[in-house]
Amino acid sequence: MNGHRIPAHRSGNQSSLIGLDNVVQIPCGSRDGALSQIETLLESIVDAIIHDDELVIPYQSARSLQTGPGQVSARRDGRQLDVLRFPGRTIQEAKKFEGLFRILELSHEALLSGNLITKRNIYYQNPELFRSQSVVDDMVDNLARTLGVGREDLNIVAAAKGLIAGPIDLILHDGSVHSCDTQSDTGVLLPSITSMSEINFRSTRWLLVIEKEATFRTLAAAQYPRESGSGHGILLTAKGFPDLATRRFLCVLHRIRPDIPQFALVDFDPHGVAIMRTYKYGSQRLDHEEGVTAPALRWLGIRSDDILGGNAPGHNGGCNDTGGHNPSSQESVVDGLEERRAKRARISKANAPSESVLPLTQRDRKKAIEIMREISAADSIDADGQEQMRELQRMLVLNIKAEIQAVDNYGDIASWLDSKLGM
């Protein structure tokens, strides 16, 4: 692939949402559905207390494979549906019921007041009850799954994690303006999309999602969003695996400004591919969440060509190209990779600096095969899926992986980005 051309900016309205000076209003989602369901649940609990009945809360978990003591299992939409009872048959179930009830209370208060509450605040208000932050995280996500809503529909959000930099302004409902056009290398902490009323895109022409915070800081310090040869742009990072807030922000940006292309820059390893795929397609654990995918996201790099040039298998017929890939042949491909591993893991120092290219670990190889099987399980494999399959095969055959910094070891990452963006 010879780069991705950034479209020339077109003046005038891009949609009915876009006003003067590229200020775009953020569509507001209704929280009435979640509020109504929570109030119905709370009312049923009050009625049970009045009539001296057993207290019951439905609880659907993505991780539940079997029911525990005192829980009744049912099926809904192919997922496990548990019913938590109080007092229940065990102390653990009673505590779980109490924790879920507390989250329902806090969500109800937040929805009525219009305020957001973080999962971290929920934990620190009741550390003895929840025992750990991960317990709160799971309960909140499972409550949202049970009610058939998104986490933010409960007015519960994660602590801010994402960073953003570039000539763009985030205008919040309280009237405050977060300018992301900073001289610092740290960027600006990304607020929840639900707290934003408008975004001033100014002259933004592209958006780059970066896996590594270190690379984000390097480009932000160099003022790449302003100095890029491809025009002004936005840098965004979730500092590793994408959190829900960053994914939702990316999705909303594409919805309100589909003319701004979105690119992903990740490590050349199976986990980098997994991160890019989570942004693009979503995750199984949070598959009940809506509006958190970026199907138009393009994989900018890094890929095998970026570290091996024309010596990558496929250019010389050394690796099976997946252009005509048949999912039924996946097992034989995977089996053959292990046998060829030792013979085809020789990468000369002339092609790649030793500190940039490393051998795959067993965990890497397991992850690569897992993703390849996931791709093959799809009803059909599009061009993006074929490209991902091809790159994963090259990693396995050559037994290599490389970090984003590998590109910088050849020269200037800013120049490399300019050439990739195609301007």
# chains A, B, ... in the order shown; residues from 1 in each chain; ligands from 1
$ select_by_dssp --residues "stretch 93-316 of chain A" --states "alpha helix (DSSP H)" --output "MDAnalysis selection string"
chainID A and resid 93:113 119:125 127:130 133:147 213:221 224:227 244:256 270:281 304:308
$ write_last_selection --atoms "C-alpha atoms" --output "PDB file, in the first residue's frame"
ATOM      1  CA  GLU A  93     -24.315 -14.096  47.159  1.00  0.00           C
ATOM      2  CA  ALA A  94     -25.684 -11.753  49.830  1.00  0.00           C
ATOM      3  CA  LYS A  95     -22.648  -9.496  49.428  1.00  0.00           C
ATOM      4  CA  LYS A  96     -22.957  -9.588  45.644  1.00  0.00           C
ATOM      5  CA  PHE A  97     -26.611  -8.608  45.917  1.00  0.00           C
ATOM      6  CA  GLU A  98     -25.718  -5.786  48.300  1.00  0.00           C
ATOM      7  CA  GLY A  99     -23.003  -4.515  45.942  1.00  0.00           C
ATOM      8  CA  LEU A 100     -25.278  -4.568  42.905  1.00  0.00           C
ATOM      9  CA  PHE A 101     -28.034  -2.814  44.849  1.00  0.00           C
ATOM     10  CA  ARG A 102     -25.567  -0.094  45.887  1.00  0.00           C
ATOM     11  CA  ILE A 103     -24.542   0.455  42.253  1.00  0.00           C
ATOM     12  CA  LEU A 104     -28.214   0.705  41.272  1.00  0.00           C
ATOM     13  CA  GLU A 105     -28.706   3.374  43.946  1.00  0.00           C
ATOM     14  CA  LEU A 106     -25.687   5.415  42.843  1.00  0.00           C
ATOM     15  CA  SER A 107     -26.643   5.164  39.166  1.00  0.00           C
ATOM     16  CA  HIS A 108     -30.190   6.262  39.990  1.00  0.00           C
ATOM     17  CA  GLU A 109     -28.893   9.296  41.905  1.00  0.00           C
ATOM     18  CA  ALA A 110     -26.512  10.208  39.063  1.00  0.00           C
ATOM     19  CA  LEU A 111     -29.246   9.942  36.428  1.00  0.00           C
ATOM     20  CA  LEU A 112     -31.647  12.107  38.443  1.00  0.00           C
ATOM     21  CA  SER A 113     -29.016  14.772  39.121  1.00  0.00           C
ATOM     22  CA  LYS A 119     -16.275   3.543  38.791  1.00  0.00           C
ATOM     23  CA  ARG A 120     -13.346   4.516  40.982  1.00  0.00           C
ATOM     24  CA  ASN A 121     -15.606   6.730  43.129  1.00  0.00           C
ATOM     25  CA  ILE A 122     -18.049   3.862  43.529  1.00  0.00           C
ATOM     26  CA  TYR A 123     -15.259   1.630  44.827  1.00  0.00           C
ATOM     27  CA  TYR A 124     -13.778   4.186  47.232  1.00  0.00           C
ATOM     28  CA  GLN A 125     -17.200   4.951  48.703  1.00  0.00           C
ATOM     29  CA  PRO A 127     -14.164  -0.471  49.664  1.00  0.00           C
ATOM     30  CA  GLU A 128     -15.186  -3.046  52.301  1.00  0.00           C
ATOM     31  CA  LEU A 129     -18.230  -4.024  50.265  1.00  0.00           C
ATOM     32  CA  PHE A 130     -16.557  -4.394  46.869  1.00  0.00           C
ATOM     33  CA  GLN A 133     -11.816  -2.139  41.788  1.00  0.00           C
ATOM     34  CA  SER A 134     -12.201  -5.058  39.382  1.00  0.00           C
ATOM     35  CA  VAL A 135     -15.327  -6.209  41.229  1.00  0.00           C
ATOM     36  CA  VAL A 136     -16.919  -2.811  40.598  1.00  0.00           C
ATOM     37  CA  ASP A 137     -15.805  -2.835  36.965  1.00  0.00           C
ATOM     38  CA  ASP A 138     -17.418  -6.214  36.327  1.00  0.00           C
ATOM     39  CA  MET A 139     -20.621  -5.388  38.193  1.00  0.00           C
ATOM     40  CA  VAL A 140     -21.139  -2.105  36.332  1.00  0.00           C
ATOM     41  CA  ASP A 141     -20.569  -3.711  32.929  1.00  0.00           C
ATOM     42  CA  ASN A 142     -22.814  -6.655  33.800  1.00  0.00           C
ATOM     43  CA  LEU A 143     -25.557  -4.339  35.068  1.00  0.00           C
ATOM     44  CA  ALA A 144     -25.455  -2.443  31.776  1.00  0.00           C
ATOM     45  CA  ARG A 145     -25.589  -5.785  29.917  1.00  0.00           C
ATOM     46  CA  THR A 146     -28.576  -6.900  32.023  1.00  0.00           C
ATOM     47  CA  LEU A 147     -30.508  -3.703  31.295  1.00  0.00           C
ATOM     48  CA  GLU A 213       1.843   6.878  24.934  1.00  0.00           C
ATOM     49  CA  ALA A 214       5.597   7.358  24.312  1.00  0.00           C
ATOM     50  CA  THR A 215       5.027   7.765  20.562  1.00  0.00           C
ATOM     51  CA  PHE A 216       2.102  10.088  21.249  1.00  0.00           C
ATOM     52  CA  ARG A 217       4.328  12.268  23.437  1.00  0.00           C
ATOM     53  CA  THR A 218       7.117  12.305  20.844  1.00  0.00           C
ATOM     54  CA  LEU A 219       4.781  13.547  18.126  1.00  0.00           C
ATOM     55  CA  ALA A 220       2.952  15.976  20.415  1.00  0.00           C
ATOM     56  CA  ALA A 221       6.260  17.497  21.583  1.00  0.00           C
ATOM     57  CA  TYR A 224       3.228  17.172  14.558  1.00  0.00           C
ATOM     58  CA  PRO A 225      -0.537  17.893  14.616  1.00  0.00           C
ATOM     59  CA  ARG A 226       0.314  21.400  13.368  1.00  0.00           C
ATOM     60  CA  GLU A 227       3.526  20.740  11.452  1.00  0.00           C
ATOM     61  CA  LEU A 244     -14.537   2.510  26.371  1.00  0.00           C
ATOM     62  CA  ALA A 245     -14.443   6.316  26.574  1.00  0.00           C
ATOM     63  CA  THR A 246     -11.741   6.633  23.901  1.00  0.00           C
ATOM     64  CA  ARG A 247     -13.538   4.154  21.647  1.00  0.00           C
ATOM     65  CA  ARG A 248     -16.825   6.035  22.040  1.00  0.00           C
ATOM     66  CA  PHE A 249     -15.114   9.366  21.278  1.00  0.00           C
ATOM     67  CA  LEU A 250     -13.617   7.924  18.091  1.00  0.00           C
ATOM     68  CA  CYS A 251     -17.004   6.558  17.018  1.00  0.00           C
ATOM     69  CA  VAL A 252     -18.791   9.870  17.618  1.00  0.00           C
ATOM     70  CA  LEU A 253     -16.126  11.811  15.722  1.00  0.00           C
ATOM     71  CA  HIS A 254     -16.630   9.628  12.669  1.00  0.00           C
ATOM     72  CA  ARG A 255     -20.397   9.986  12.949  1.00  0.00           C
ATOM     73  CA  ILE A 256     -20.357  13.790  13.013  1.00  0.00           C
ATOM     74  CA  PRO A 270      -0.289  -9.715  17.528  1.00  0.00           C
ATOM     75  CA  HIS A 271      -1.263  -7.507  20.459  1.00  0.00           C
ATOM     76  CA  GLY A 272      -0.953  -4.383  18.297  1.00  0.00           C
ATOM     77  CA  VAL A 273      -3.267  -5.990  15.752  1.00  0.00           C
ATOM     78  CA  ALA A 274      -5.690  -6.891  18.569  1.00  0.00           C
ATOM     79  CA  ILE A 275      -5.713  -3.275  19.775  1.00  0.00           C
ATOM     80  CA  MET A 276      -6.405  -1.975  16.281  1.00  0.00           C
ATOM     81  CA  ARG A 277      -9.199  -4.545  15.834  1.00  0.00           C
ATOM     82  CA  THR A 278     -10.797  -3.539  19.152  1.00  0.00           C
ATOM     83  CA  TYR A 279     -11.003   0.069  17.991  1.00  0.00           C
ATOM     84  CA  LYS A 280     -12.377  -1.015  14.628  1.00  0.00           C
ATOM     85  CA  TYR A 281     -14.719  -3.893  15.499  1.00  0.00           C
ATOM     86  CA  SER A 304       6.020  -6.013   7.631  1.00  0.00           C
ATOM     87  CA  ASP A 305       6.860  -3.782   4.652  1.00  0.00           C
ATOM     88  CA  ASP A 306       7.834  -0.976   7.019  1.00  0.00           C
ATOM     89  CA  ILE A 307      10.580  -3.015   8.685  1.00  0.00           C
ATOM     90  CA  LEU A 308      11.546  -5.476   5.935  1.00  0.00           C
TER      91      LEU A 308
END
$ atom_distance --atom1 "atom CA of A:Gln386" --atom2 "atom CA of A:Ser230"
27.6 Å
$ residues_around --residues "A:Ile260" --least-positions-apart "3" --cutoff "6 Å" --atoms "only C-alpha atoms" --output "PyMOL selection string"
chain A and resi 205-206+257
$ write_last_selection --atoms "N, CA, C and O atoms" --output "PDB file, in the first residue's frame"
ATOM      1  N   ARG A 205      -7.838  17.814   9.409  1.00  0.00           N
ATOM      2  CA  ARG A 205      -7.971  17.047   8.172  1.00  0.00           C
ATOM      3  C   ARG A 205      -7.719  15.561   8.356  1.00  0.00           C
ATOM      4  O   ARG A 205      -7.963  14.778   7.447  1.00  0.00           O
ATOM      5  N   TRP A 206      -7.209  15.149   9.515  1.00  0.00           N
ATOM      6  CA  TRP A 206      -6.965  13.729   9.757  1.00  0.00           C
ATOM      7  C   TRP A 206      -6.917  13.463  11.256  1.00  0.00           C
ATOM      8  O   TRP A 206      -6.773  14.389  12.066  1.00  0.00           O
ATOM      9  N   ARG A 257     -18.244  13.823  11.760  1.00  0.00           N
ATOM     10  CA  ARG A 257     -17.345  14.321  10.722  1.00  0.00           C
ATOM     11  C   ARG A 257     -16.751  13.151   9.932  1.00  0.00           C
ATOM     12  O   ARG A 257     -15.557  12.857  10.023  1.00  0.00           O
TER      13      ARG A 257
END
$ select_by_dssp --residues "stretch 111-313 of chain A" --states "strand (DSSP E)" --output "PyMOL selection string"
chain A and resi 117-118+156-157+163-165+169-172+177-179+188-189+196-200+206-210+233-237+262-265+298-301
$ write_last_selection --atoms "C-alpha atoms" --output "mmCIF file, in the first residue's frame"
data_model
loop_
_atom_site.group_PDB
_atom_site.id
_atom_site.type_symbol
_atom_site.label_atom_id
_atom_site.label_comp_id
_atom_site.auth_asym_id
_atom_site.auth_seq_id
_atom_site.Cartn_x
_atom_site.Cartn_y
_atom_site.Cartn_z
ATOM 1 C CA ILE A 117 -19.953 9.161 38.659
ATOM 2 C CA THR A 118 -16.751 7.218 38.067
ATOM 3 C CA ILE A 156 -21.226 5.750 35.218
ATOM 4 C CA VAL A 157 -17.878 6.282 33.524
ATOM 5 C CA LEU A 163 -5.015 11.668 25.743
ATOM 6 C CA ILE A 164 -5.676 14.008 22.823
ATOM 7 C CA ALA A 165 -3.529 16.660 21.131
ATOM 8 C CA ASP A 169 -11.483 22.494 21.069
ATOM 9 C CA LEU A 170 -13.781 20.372 23.248
ATOM 10 C CA ILE A 171 -16.707 22.440 24.556
ATOM 11 C CA LEU A 172 -18.417 20.972 27.629
ATOM 12 C CA VAL A 177 -13.579 24.892 26.742
ATOM 13 C CA HIS A 178 -10.773 22.329 26.674
ATOM 14 C CA SER A 179 -8.273 23.420 24.057
ATOM 15 C CA VAL A 188 -5.014 16.842 27.201
ATOM 16 C CA LEU A 189 -6.864 14.246 29.246
ATOM 17 C CA MET A 196 -19.293 17.466 25.663
ATOM 18 C CA SER A 197 -21.818 19.656 23.902
ATOM 19 C CA GLU A 198 -19.754 20.755 20.900
ATOM 20 C CA ILE A 199 -16.405 20.245 19.188
ATOM 21 C CA ASN A 200 -14.575 22.927 17.212
ATOM 22 C CA TRP A 206 -6.965 13.729 9.757
ATOM 23 C CA LEU A 207 -6.961 11.767 13.033
ATOM 24 C CA LEU A 208 -4.292 9.307 14.183
ATOM 25 C CA VAL A 209 -4.920 6.789 16.976
ATOM 26 C CA ILE A 210 -1.620 5.693 18.524
ATOM 27 C CA GLY A 233 -4.649 16.785 12.541
ATOM 28 C CA ILE A 234 -5.511 15.104 15.842
ATOM 29 C CA LEU A 235 -3.412 12.673 17.889
ATOM 30 C CA LEU A 236 -5.275 10.287 20.173
ATOM 31 C CA THR A 237 -4.084 7.512 22.485
ATOM 32 C CA GLN A 262 -9.091 8.003 10.908
ATOM 33 C CA PHE A 263 -5.853 6.013 11.047
ATOM 34 C CA ALA A 264 -4.309 3.575 13.552
ATOM 35 C CA LEU A 265 -0.601 3.313 14.389
ATOM 36 C CA ARG A 298 -7.542 2.390 8.569
ATOM 37 C CA TRP A 299 -4.414 0.512 9.626
ATOM 38 C CA LEU A 300 -1.587 2.929 8.854
ATOM 39 C CA GLY A 301 1.193 0.743 10.264
#
$ atom_distance --atom1 "atom CA of A:Gly162" --atom2 "atom CA of A:Ser283"
17.6 Å
$ residues_around --residues "A:Gln362" --least-positions-apart "6" --cutoff "12 Å" --atoms "only C-alpha atoms" --output "VMD selection string"
chain A and resid 270 338 368 to 369 396 399 to 400
$ write_last_selection --atoms "all heavy atoms" --output "PDB file, in the first residue's frame"
ATOM      1  N   PRO A 270       1.113  -9.298  17.425  1.00  0.00           N
ATOM      2  CA  PRO A 270      -0.289  -9.715  17.528  1.00  0.00           C
ATOM      3  C   PRO A 270      -1.115  -8.847  18.455  1.00  0.00           C
ATOM      4  O   PRO A 270      -2.303  -8.619  18.199  1.00  0.00           O
ATOM      5  CB  PRO A 270      -0.180 -11.154  18.059  1.00  0.00           C
ATOM      6  CG  PRO A 270       1.150 -11.627  17.584  1.00  0.00           C
ATOM      7  CD  PRO A 270       2.043 -10.425  17.659  1.00  0.00           C
ATOM      8  N   GLU A 338       4.360 -23.562  12.285  1.00  0.00           N
ATOM      9  CA  GLU A 338       5.286 -24.008  13.318  1.00  0.00           C
ATOM     10  C   GLU A 338       6.472 -24.755  12.705  1.00  0.00           C
ATOM     11  O   GLU A 338       7.606 -24.598  13.146  1.00  0.00           O
ATOM     12  CB  GLU A 338       4.554 -24.904  14.323  1.00  0.00           C
ATOM     13  CG  GLU A 338       3.561 -24.160  15.213  1.00  0.00           C
ATOM     14  CD  GLU A 338       4.248 -23.182  16.141  1.00  0.00           C
ATOM     15  OE1 GLU A 338       5.451 -23.356  16.409  1.00  0.00           O
ATOM     16  OE2 GLU A 338       3.599 -22.228  16.581  1.00  0.00           O
ATOM     17  N   ALA A 368      -1.633 -14.549  18.077  1.00  0.00           N
ATOM     18  CA  ALA A 368      -1.724 -14.438  16.612  1.00  0.00           C
ATOM     19  C   ALA A 368      -2.684 -15.486  16.047  1.00  0.00           C
ATOM     20  O   ALA A 368      -3.546 -15.172  15.210  1.00  0.00           O
ATOM     21  CB  ALA A 368      -0.339 -14.589  15.987  1.00  0.00           C
ATOM     22  N   ILE A 369      -2.538 -16.718  16.507  1.00  0.00           N
ATOM     23  CA  ILE A 369      -3.392 -17.797  16.011  1.00  0.00           C
ATOM     24  C   ILE A 369      -4.842 -17.562  16.430  1.00  0.00           C
ATOM     25  O   ILE A 369      -5.780 -17.820  15.666  1.00  0.00           O
ATOM     26  CB  ILE A 369      -2.877 -19.154  16.517  1.00  0.00           C
ATOM     27  CG1 ILE A 369      -1.516 -19.451  15.878  1.00  0.00           C
ATOM     28  CG2 ILE A 369      -3.864 -20.280  16.215  1.00  0.00           C
ATOM     29  CD1 ILE A 369      -0.826 -20.682  16.417  1.00  0.00           C
ATOM     30  N   LEU A 396       4.341 -14.909  12.153  1.00  0.00           N
ATOM     31  CA  LEU A 396       4.553 -16.282  12.587  1.00  0.00           C
ATOM     32  C   LEU A 396       5.645 -16.978  11.776  1.00  0.00           C
ATOM     33  O   LEU A 396       6.499 -17.679  12.329  1.00  0.00           O
ATOM     34  CB  LEU A 396       3.239 -17.059  12.479  1.00  0.00           C
ATOM     35  CG  LEU A 396       2.161 -16.689  13.508  1.00  0.00           C
ATOM     36  CD1 LEU A 396       0.828 -17.309  13.131  1.00  0.00           C
ATOM     37  CD2 LEU A 396       2.574 -17.124  14.909  1.00  0.00           C
ATOM     38  N   ASN A 399       8.876 -15.285  12.620  1.00  0.00           N
ATOM     39  CA  ASN A 399       9.128 -15.243  14.065  1.00  0.00           C
ATOM     40  C   ASN A 399       9.665 -13.880  14.495  1.00  0.00           C
ATOM     41  O   ASN A 399      10.665 -13.781  15.205  1.00  0.00           O
ATOM     42  CB  ASN A 399      10.102 -16.350  14.475  1.00  0.00           C
ATOM     43  CG  ASN A 399      10.189 -16.491  15.996  1.00  0.00           C
ATOM     44  OD1 ASN A 399       9.198 -16.287  16.707  1.00  0.00           O
ATOM     45  ND2 ASN A 399      11.370 -16.820  16.497  1.00  0.00           N
ATOM     46  N   ILE A 400       8.992 -12.806  14.076  1.00  0.00           N
ATOM     47  CA  ILE A 400       9.426 -11.456  14.433  1.00  0.00           C
ATOM     48  C   ILE A 400       8.263 -10.593  14.884  1.00  0.00           C
ATOM     49  O   ILE A 400       7.105 -10.828  14.530  1.00  0.00           O
ATOM     50  CB  ILE A 400      10.119 -10.743  13.247  1.00  0.00           C
ATOM     51  CG1 ILE A 400       9.160 -10.634  12.063  1.00  0.00           C
ATOM     52  CG2 ILE A 400      11.413 -11.429  12.866  1.00  0.00           C
ATOM     53  CD1 ILE A 400       9.664  -9.732  10.950  1.00  0.00           C
TER      54      ILE A 400
END
$ closest_residue --among "A:Leu35, A:Leu297, A:Val266, A:Val24" --to "A:Gly240" --atoms "only C-alpha atoms"
A:Val266
$ closest_residue --among "A:Ile371, A:Met395, A:Ala34, A:Leu190" --to "A:Pro359" --atoms "only C-alpha atoms"
A:Met395
$ atom_distance --atom1 "atom CA of A:Asp181" --atom2 "atom CA of A:Leu421"
20.9 Å
